[in-house]
Amino acid sequence: MLPAQTTHLADVLATNAGIDAGYRHAPKLVATGEPIELPGTLLKWYGVHYAESPIPESVTHLARAFLKKTPLEARGFGFVILHRCNNDFYFLIVCTWRNNNEGWETVFYKDGDAMADFALFPREGQHKGMLCVWELVPARHEQQAWTRFLNSARDEAAGRAWLANRVSGGA
């Protein structure tokens with residue numbers, strides 16, 4: 001059985017690994033921001049970016065203003081990831097905890113100066129993007145923080161502890 005798996009592995013590596021030949025991976029930073037309160041929702045704030053190209057304050061303000069004026073289905077506790085991808089393309093990912101232990105998301109985007117504001121990211125097709133390796137850093141931290149909250153008394157003190165528990169640093 002192992003030789004067939006090895007052959008399949010080699011085939012996938014050669015033809016379908018999902019990585020462009022010229023791609024070079026580099027670390028990014030995760031930075032915390034002030035939580036944002038929306039109707040019925042309390043979200044921690046994270047920014048993700050390369051060290052040499054931080055997210056401009058104007059984009060952070062635009063993203064926060066966008067969320068405040070946009071009717072969201074998201075409710076309860078969660079977190080936001082504002083990710084500066086390459087150049088001036090941004091993802092604004094709103095994640096909340098639903099059905100006790102499920103992470104739900106709404107994804108917005110802004111493509112530099114081509115867009116005056118953020119917009120809902122089109123998600124057609126069956127197999128869709130989830131989170132990139134850098135976005136998984138705050139998402140993993142939040143999974144662990146939510147698990148601690150679920151195992152707590154789930155009172156105001158536990159809620160304050162959850163809100164204060166954030167991650168920053170290299171991704």
# chains A, B, ... in the order shown; residues from 1 in each chain; ligands from 1

call {"tool": "residues_around", "arguments": {"residues": "A:Arg64", "least_positions_apart": "4", "cutoff": "12 Å", "atoms": "only C-alpha atoms", "output": "PyMOL selection string"}}
result
chain A and resi 33-38+43-47+57-60+68-70+80-82+92-94+108+117-118

call {"tool": "residues_around", "arguments": {"residues": "A:Arg160", "least_positions_apart": "5", "cutoff": "12 Å", "atoms": "only C-alpha atoms", "output": "PyMOL selection string"}}
result
chain A and resi 35+42+44+77+145+149+152-155+165-166

call {"tool": "write_last_selection", "arguments": {"atoms": "N, CA and C atoms", "output": "PDB file, in the first residue's frame"}}
result
ATOM      1  N   PRO A  35     -11.050  46.371  20.759  1.00  0.00           N
ATOM      2  CA  PRO A  35     -12.257  45.615  20.390  1.00  0.00           C
ATOM      3  C   PRO A  35     -13.299  46.563  19.779  1.00  0.00           C
ATOM      4  N   LEU A  42     -19.739  41.679  20.211  1.00  0.00           N
ATOM      5  CA  LEU A  42     -18.488  42.186  20.760  1.00  0.00           C
ATOM      6  C   LEU A  42     -17.354  41.411  20.110  1.00  0.00           C
ATOM      7  N   LYS A  44     -13.131  41.064  19.203  1.00  0.00           N
ATOM      8  CA  LYS A  44     -11.724  41.422  19.349  1.00  0.00           C
ATOM      9  C   LYS A  44     -11.217  41.833  17.970  1.00  0.00           C
ATOM     10  N   PHE A  77     -20.150  36.891  20.684  1.00  0.00           N
ATOM     11  CA  PHE A  77     -18.719  37.109  20.849  1.00  0.00           C
ATOM     12  C   PHE A  77     -17.958  36.629  19.625  1.00  0.00           C
ATOM     13  N   ALA A 145      -9.066  30.348  23.362  1.00  0.00           N
ATOM     14  CA  ALA A 145      -9.702  31.279  24.297  1.00  0.00           C
ATOM     15  C   ALA A 145     -11.184  30.948  24.467  1.00  0.00           C
ATOM     16  N   PHE A 149     -13.363  29.810  27.754  1.00  0.00           N
ATOM     17  CA  PHE A 149     -14.605  30.470  28.147  1.00  0.00           C
ATOM     18  C   PHE A 149     -15.737  29.450  28.323  1.00  0.00           C
ATOM     19  N   SER A 152     -15.583  27.785  31.552  1.00  0.00           N
ATOM     20  CA  SER A 152     -15.607  28.685  32.705  1.00  0.00           C
ATOM     21  C   SER A 152     -17.030  28.787  33.265  1.00  0.00           C
ATOM     22  N   ALA A 153     -17.197  29.683  34.223  1.00  0.00           N
ATOM     23  CA  ALA A 153     -18.528  29.957  34.765  1.00  0.00           C
ATOM     24  C   ALA A 153     -19.384  30.738  33.766  1.00  0.00           C
ATOM     25  N   ARG A 154     -18.774  31.254  32.700  1.00  0.00           N
ATOM     26  CA  ARG A 154     -19.447  32.035  31.654  1.00  0.00           C
ATOM     27  C   ARG A 154     -20.181  33.232  32.237  1.00  0.00           C
ATOM     28  N   ASP A 155     -19.583  33.836  33.234  1.00  0.00           N
ATOM     29  CA  ASP A 155     -20.141  35.025  33.864  1.00  0.00           C
ATOM     30  C   ASP A 155     -19.377  36.261  33.383  1.00  0.00           C
ATOM     31  N   ASN A 165      -7.901  38.382  26.636  1.00  0.00           N
ATOM     32  CA  ASN A 165      -6.987  37.344  26.149  1.00  0.00           C
ATOM     33  C   ASN A 165      -6.828  37.461  24.636  1.00  0.00           C
ATOM     34  N   ARG A 166      -5.747  38.136  24.209  1.00  0.00           N
ATOM     35  CA  ARG A 166      -5.490  38.322  22.780  1.00  0.00           C
ATOM     36  C   ARG A 166      -4.056  37.926  22.451  1.00  0.00           C
TER      37      ARG A 166
END

call {"tool": "residues_around", "arguments": {"residues": "A:Arg75", "least_positions_apart": "2", "cutoff": "12 Å", "atoms": "only C-alpha atoms", "output": "PyMOL selection string"}}
result
chain A and resi 37-43+71-73+77-79+94-99+103-106

call {"tool": "residues_around", "arguments": {"residues": "A:Asn86", "least_positions_apart": "6", "cutoff": "12 Å", "atoms": "only C-alpha atoms", "output": "list in words"}}
result
Ala26, Lys28, Val48, His49, Tyr50, Glu52, Ser53, Pro54, Ile55, Lys110, Asp111 and Gly112 of chain A

call {"tool": "write_last_selection", "arguments": {"atoms": "C-alpha atoms", "output": "mmCIF file, in the first residue's frame"}}
result
data_model
loop_
_atom_site.group_PDB
_atom_site.id
_atom_site.type_symbol
_atom_site.label_atom_id
_atom_site.label_comp_id
_atom_site.auth_asym_id
_atom_site.auth_seq_id
_atom_site.Cartn_x
_atom_site.Cartn_y
_atom_site.Cartn_z
ATOM 1 C CA ALA A 26 7.540 35.085 4.473
ATOM 2 C CA LYS A 28 3.774 38.371 8.907
ATOM 3 C CA VAL A 48 -2.205 40.919 9.988
ATOM 4 C CA HIS A 49 0.554 42.360 7.796
ATOM 5 C CA TYR A 50 4.184 42.129 6.708
ATOM 6 C CA GLU A 52 7.605 46.361 6.362
ATOM 7 C CA SER A 53 4.054 47.232 5.268
ATOM 8 C CA PRO A 54 1.771 47.838 8.241
ATOM 9 C CA ILE A 55 -1.919 48.520 7.785
ATOM 10 C CA LYS A 110 -11.067 46.039 -0.397
ATOM 11 C CA ASP A 111 -8.877 46.124 -3.478
ATOM 12 C CA GLY A 112 -6.747 49.232 -2.959
#

call {"tool": "residues_around", "arguments": {"residues": "stretch 122-139 of chain A", "least_positions_apart": "4", "cutoff": "7 Å", "atoms": "only C-alpha atoms", "output": "short mmCIF file (atom, residue, chain, number, x, y, z; two decimals) with C-alpha atoms, in the first residue's frame"}}
result
data_model
loop_
_atom_site.label_atom_id
_atom_site.label_comp_id
_atom_site.auth_asym_id
_atom_site.auth_seq_id
_atom_site.Cartn_x
_atom_site.Cartn_y
_atom_site.Cartn_z
CA LYS A 28 3.77 38.37 8.91
CA GLN A 143 -10.33 28.76 19.43
CA VAL A 167 -2.46 37.30 20.76
CA ALA A 171 2.77 34.67 12.28
#

call {"tool": "atom_distance", "arguments": {"atom1": "atom CA of A:Leu120", "atom2": "atom CA of A:His61"}}
result
17.5 Å

call {"tool": "select_by_dssp", "arguments": {"residues": "chain A", "states": "strand (DSSP E)", "output": "mmCIF file with N, CA and C atoms, in the first residue's frame"}}
result
data_model
loop_
_atom_site.group_PDB
_atom_site.id
_atom_site.type_symbol
_atom_site.label_atom_id
_atom_site.label_comp_id
_atom_site.auth_asym_id
_atom_site.auth_seq_id
_atom_site.Cartn_x
_atom_site.Cartn_y
_atom_site.Cartn_z
ATOM 1 N N LEU A 29 3.133 39.755 10.758
ATOM 2 C CA LEU A 29 2.876 40.090 12.144
ATOM 3 C C LEU A 29 1.385 40.086 12.422
ATOM 4 N N VAL A 30 1.030 39.723 13.643
ATOM 5 C CA VAL A 30 -0.342 39.836 14.138
ATOM 6 C C VAL A 30 -0.317 40.927 15.196
ATOM 7 N N ALA A 31 -1.156 41.936 15.024
ATOM 8 C CA ALA A 31 -1.239 43.038 15.988
ATOM 9 C C ALA A 31 -2.662 43.131 16.510
ATOM 10 N N THR A 32 -2.792 43.488 17.775
ATOM 11 C CA THR A 32 -4.123 43.653 18.347
ATOM 12 C C THR A 32 -4.558 45.101 18.230
ATOM 13 N N GLY A 33 -5.840 45.291 18.145
ATOM 14 C CA GLY A 33 -6.441 46.623 18.150
ATOM 15 C C GLY A 33 -7.538 46.659 19.187
ATOM 16 N N GLU A 34 -8.139 47.800 19.323
ATOM 17 C CA GLU A 34 -9.240 47.939 20.275
ATOM 18 C C GLU A 34 -10.418 47.076 19.827
ATOM 19 N N PRO A 35 -11.050 46.371 20.759
ATOM 20 C CA PRO A 35 -12.257 45.615 20.390
ATOM 21 C C PRO A 35 -13.299 46.563 19.779
ATOM 22 N N ILE A 36 -14.195 45.999 19.006
ATOM 23 C CA ILE A 36 -15.253 46.791 18.387
ATOM 24 C C ILE A 36 -16.604 46.244 18.857
ATOM 25 N N GLU A 37 -17.466 47.164 19.255
ATOM 26 C CA GLU A 37 -18.808 46.808 19.702
ATOM 27 C C GLU A 37 -19.792 47.162 18.597
ATOM 28 N N LEU A 38 -20.575 46.184 18.201
ATOM 29 C CA LEU A 38 -21.620 46.362 17.195
ATOM 30 C C LEU A 38 -22.928 45.903 17.840
ATOM 31 N N THR A 41 -23.106 42.450 19.410
ATOM 32 C CA THR A 41 -21.866 41.771 19.054
ATOM 33 C C THR A 41 -20.676 42.462 19.710
ATOM 34 N N LEU A 42 -19.739 41.679 20.211
ATOM 35 C CA LEU A 42 -18.488 42.186 20.760
ATOM 36 C C LEU A 42 -17.354 41.411 20.110
ATOM 37 N N LEU A 43 -16.484 42.130 19.397
ATOM 38 C CA LEU A 43 -15.437 41.487 18.606
ATOM 39 C C LEU A 43 -14.046 41.990 18.996
ATOM 40 N N LYS A 44 -13.131 41.064 19.203
ATOM 41 C CA LYS A 44 -11.724 41.422 19.349
ATOM 42 C C LYS A 44 -11.217 41.833 17.970
ATOM 43 N N TRP A 45 -10.150 42.621 17.927
ATOM 44 C CA TRP A 45 -9.622 43.136 16.655
ATOM 45 C C TRP A 45 -8.186 42.701 16.449
ATOM 46 N N TYR A 46 -7.899 42.156 15.273
ATOM 47 C CA TYR A 46 -6.546 41.772 14.891
ATOM 48 C C TYR A 46 -6.205 42.353 13.529
ATOM 49 N N GLY A 47 -4.969 42.796 13.385
ATOM 50 C CA GLY A 47 -4.428 43.196 12.090
ATOM 51 C C GLY A 47 -3.317 42.231 11.722
ATOM 52 N N VAL A 48 -3.247 41.828 10.472
ATOM 53 C CA VAL A 48 -2.205 40.919 9.988
ATOM 54 C C VAL A 48 -1.523 41.595 8.804
ATOM 55 N N HIS A 49 -0.183 41.663 8.856
ATOM 56 C CA HIS A 49 0.554 42.360 7.796
ATOM 57 C C HIS A 49 2.033 41.997 7.839
ATOM 58 N N GLY A 76 -23.102 38.068 19.000
ATOM 59 C CA GLY A 76 -22.418 37.422 20.110
ATOM 60 C C GLY A 76 -20.948 37.800 20.178
ATOM 61 N N PHE A 77 -20.150 36.891 20.684
ATOM 62 C CA PHE A 77 -18.719 37.109 20.849
ATOM 63 C C PHE A 77 -17.958 36.629 19.625
ATOM 64 N N GLY A 78 -16.841 37.294 19.326
ATOM 65 C CA GLY A 78 -16.036 36.860 18.199
ATOM 66 C C GLY A 78 -14.817 37.722 18.018
ATOM 67 N N PHE A 79 -14.327 37.742 16.792
ATOM 68 C CA PHE A 79 -13.120 38.502 16.481
ATOM 69 C C PHE A 79 -13.124 38.903 15.019
ATOM 70 N N VAL A 80 -12.319 39.929 14.734
ATOM 71 C CA VAL A 80 -12.148 40.447 13.382
ATOM 72 C C VAL A 80 -10.684 40.310 13.011
ATOM 73 N N ILE A 81 -10.426 39.926 11.774
ATOM 74 C CA ILE A 81 -9.064 39.938 11.243
ATOM 75 C C ILE A 81 -9.068 40.880 10.041
ATOM 76 N N LEU A 82 -8.294 41.965 10.129
ATOM 77 C CA LEU A 82 -8.062 42.850 8.994
ATOM 78 C C LEU A 82 -6.689 42.472 8.455
ATOM 79 N N HIS A 83 -6.664 41.847 7.292
ATOM 80 C CA HIS A 83 -5.433 41.300 6.734
ATOM 81 C C HIS A 83 -5.006 42.087 5.498
ATOM 82 N N ARG A 84 -3.839 42.701 5.614
ATOM 83 C CA ARG A 84 -3.244 43.339 4.434
ATOM 84 C C ARG A 84 -2.495 42.256 3.690
ATOM 85 N N PHE A 89 -4.392 45.105 -1.107
ATOM 86 C CA PHE A 89 -5.574 44.249 -1.075
ATOM 87 C C PHE A 89 -5.780 43.818 0.373
ATOM 88 N N TYR A 90 -7.017 43.967 0.862
ATOM 89 C CA TYR A 90 -7.321 43.661 2.262
ATOM 90 C C TYR A 90 -8.500 42.703 2.354
ATOM 91 N N PHE A 91 -8.398 41.771 3.297
ATOM 92 C CA PHE A 91 -9.548 40.989 3.717
ATOM 93 C C PHE A 91 -9.969 41.517 5.083
ATOM 94 N N LEU A 92 -11.273 41.615 5.292
ATOM 95 C CA LEU A 92 -11.865 41.978 6.567
ATOM 96 C C LEU A 92 -12.759 40.803 6.945
ATOM 97 N N ILE A 93 -12.287 39.984 7.874
ATOM 98 C CA ILE A 93 -12.947 38.723 8.206
ATOM 99 C C ILE A 93 -13.582 38.853 9.584
ATOM 100 N N VAL A 94 -14.896 38.703 9.632
ATOM 101 C CA VAL A 94 -15.646 38.784 10.877
ATOM 102 C C VAL A 94 -16.013 37.364 11.284
ATOM 103 N N CYS A 95 -15.554 36.947 12.466
ATOM 104 C CA CYS A 95 -15.806 35.594 12.963
ATOM 105 C C CYS A 95 -16.565 35.673 14.281
ATOM 106 N N THR A 96 -17.603 34.878 14.416
ATOM 107 C CA THR A 96 -18.322 34.794 15.689
ATOM 108 C C THR A 96 -18.524 33.333 16.058
ATOM 109 N N TRP A 97 -18.776 33.135 17.340
ATOM 110 C CA TRP A 97 -19.044 31.801 17.852
ATOM 111 C C TRP A 97 -20.550 31.582 17.860
ATOM 112 N N ARG A 98 -21.003 30.534 17.188
ATOM 113 C CA ARG A 98 -22.421 30.207 17.081
ATOM 114 C C ARG A 98 -22.621 28.756 17.501
ATOM 115 N N GLU A 102 -19.161 26.547 17.329
ATOM 116 C CA GLU A 102 -18.851 26.664 15.904
ATOM 117 C C GLU A 102 -18.363 28.062 15.574
ATOM 118 N N GLY A 103 -17.310 28.138 14.781
ATOM 119 C CA GLY A 103 -16.842 29.419 14.276
ATOM 120 C C GLY A 103 -17.534 29.733 12.956
ATOM 121 N N TRP A 104 -18.199 30.886 12.894
ATOM 122 C CA TRP A 104 -18.872 31.333 11.675
ATOM 123 C C TRP A 104 -18.154 32.575 11.175
ATOM 124 N N GLU A 105 -18.179 32.801 9.854
ATOM 125 C CA GLU A 105 -17.461 33.957 9.324
ATOM 126 C C GLU A 105 -18.237 34.660 8.216
ATOM 127 N N THR A 106 -17.962 35.956 8.119
ATOM 128 C CA THR A 106 -18.383 36.782 6.994
ATOM 129 C C THR A 106 -17.121 37.462 6.486
ATOM 130 N N VAL A 107 -16.916 37.445 5.179
ATOM 131 C CA VAL A 107 -15.679 37.969 4.608
ATOM 132 C C VAL A 107 -15.989 39.154 3.698
ATOM 133 N N PHE A 108 -15.299 40.255 3.971
ATOM 134 C CA PHE A 108 -15.346 41.449 3.135
ATOM 135 C C PHE A 108 -13.960 41.665 2.558
ATOM 136 N N TYR A 109 -13.868 42.541 1.541
ATOM 137 C CA TYR A 109 -12.559 42.829 0.958
ATOM 138 C C TYR A 109 -12.523 44.258 0.435
ATOM 139 N N LYS A 110 -11.312 44.735 0.226
ATOM 140 C CA LYS A 110 -11.067 46.039 -0.397
ATOM 141 C C LYS A 110 -9.842 45.888 -1.259
ATOM 142 N N ASP A 111 -9.977 46.251 -2.523
ATOM 143 C CA ASP A 111 -8.877 46.124 -3.478
ATOM 144 C C ASP A 111 -8.277 47.496 -3.741
ATOM 145 N N ALA A 119 -16.406 45.639 0.652
ATOM 146 C CA ALA A 119 -17.598 45.012 0.084
ATOM 147 C C ALA A 119 -17.574 43.534 0.450
ATOM 148 N N LEU A 120 -18.737 42.906 0.403
ATOM 149 C CA LEU A 120 -18.825 41.480 0.663
ATOM 150 C C LEU A 120 -17.992 40.733 -0.371
ATOM 151 N N GLY A 169 2.219 39.248 17.705
ATOM 152 C CA GLY A 169 3.562 38.773 17.413
ATOM 153 C C GLY A 169 3.661 38.206 16.023
ATOM 154 N N GLY A 170 4.648 37.353 15.827
ATOM 155 C CA GLY A 170 4.913 36.784 14.512
ATOM 156 C C GLY A 170 3.920 35.732 14.115
#

call {"tool": "closest_residue", "arguments": {"among": "A:Asp88, A:Asn101, A:Ala51, A:Leu62", "to": "A:Pro27", "atoms": "only C-alpha atoms"}}
result
A:Ala51

call {"tool": "atom_distance", "arguments": {"atom1": "atom CA of A:His25", "atom2": "atom CA of A:Arg140"}}
result
19.8 Å

call {"tool": "atom_distance", "arguments": {"atom1": "atom CA of A:Glu142", "atom2": "atom CA of A:Trp162"}}
result
9.0 Å

call {"tool": "select_by_dssp", "arguments": {"residues": "stretch 17-98 of chain A", "states": "helix (DSSP H, G or I)", "output": "list in words"}}
result
Glu57, Ser58, Val59, Thr60, His61, Leu62, Ala63, Arg64, Ala65, Phe66, Leu67, Lys68 and Lys69 of chain A
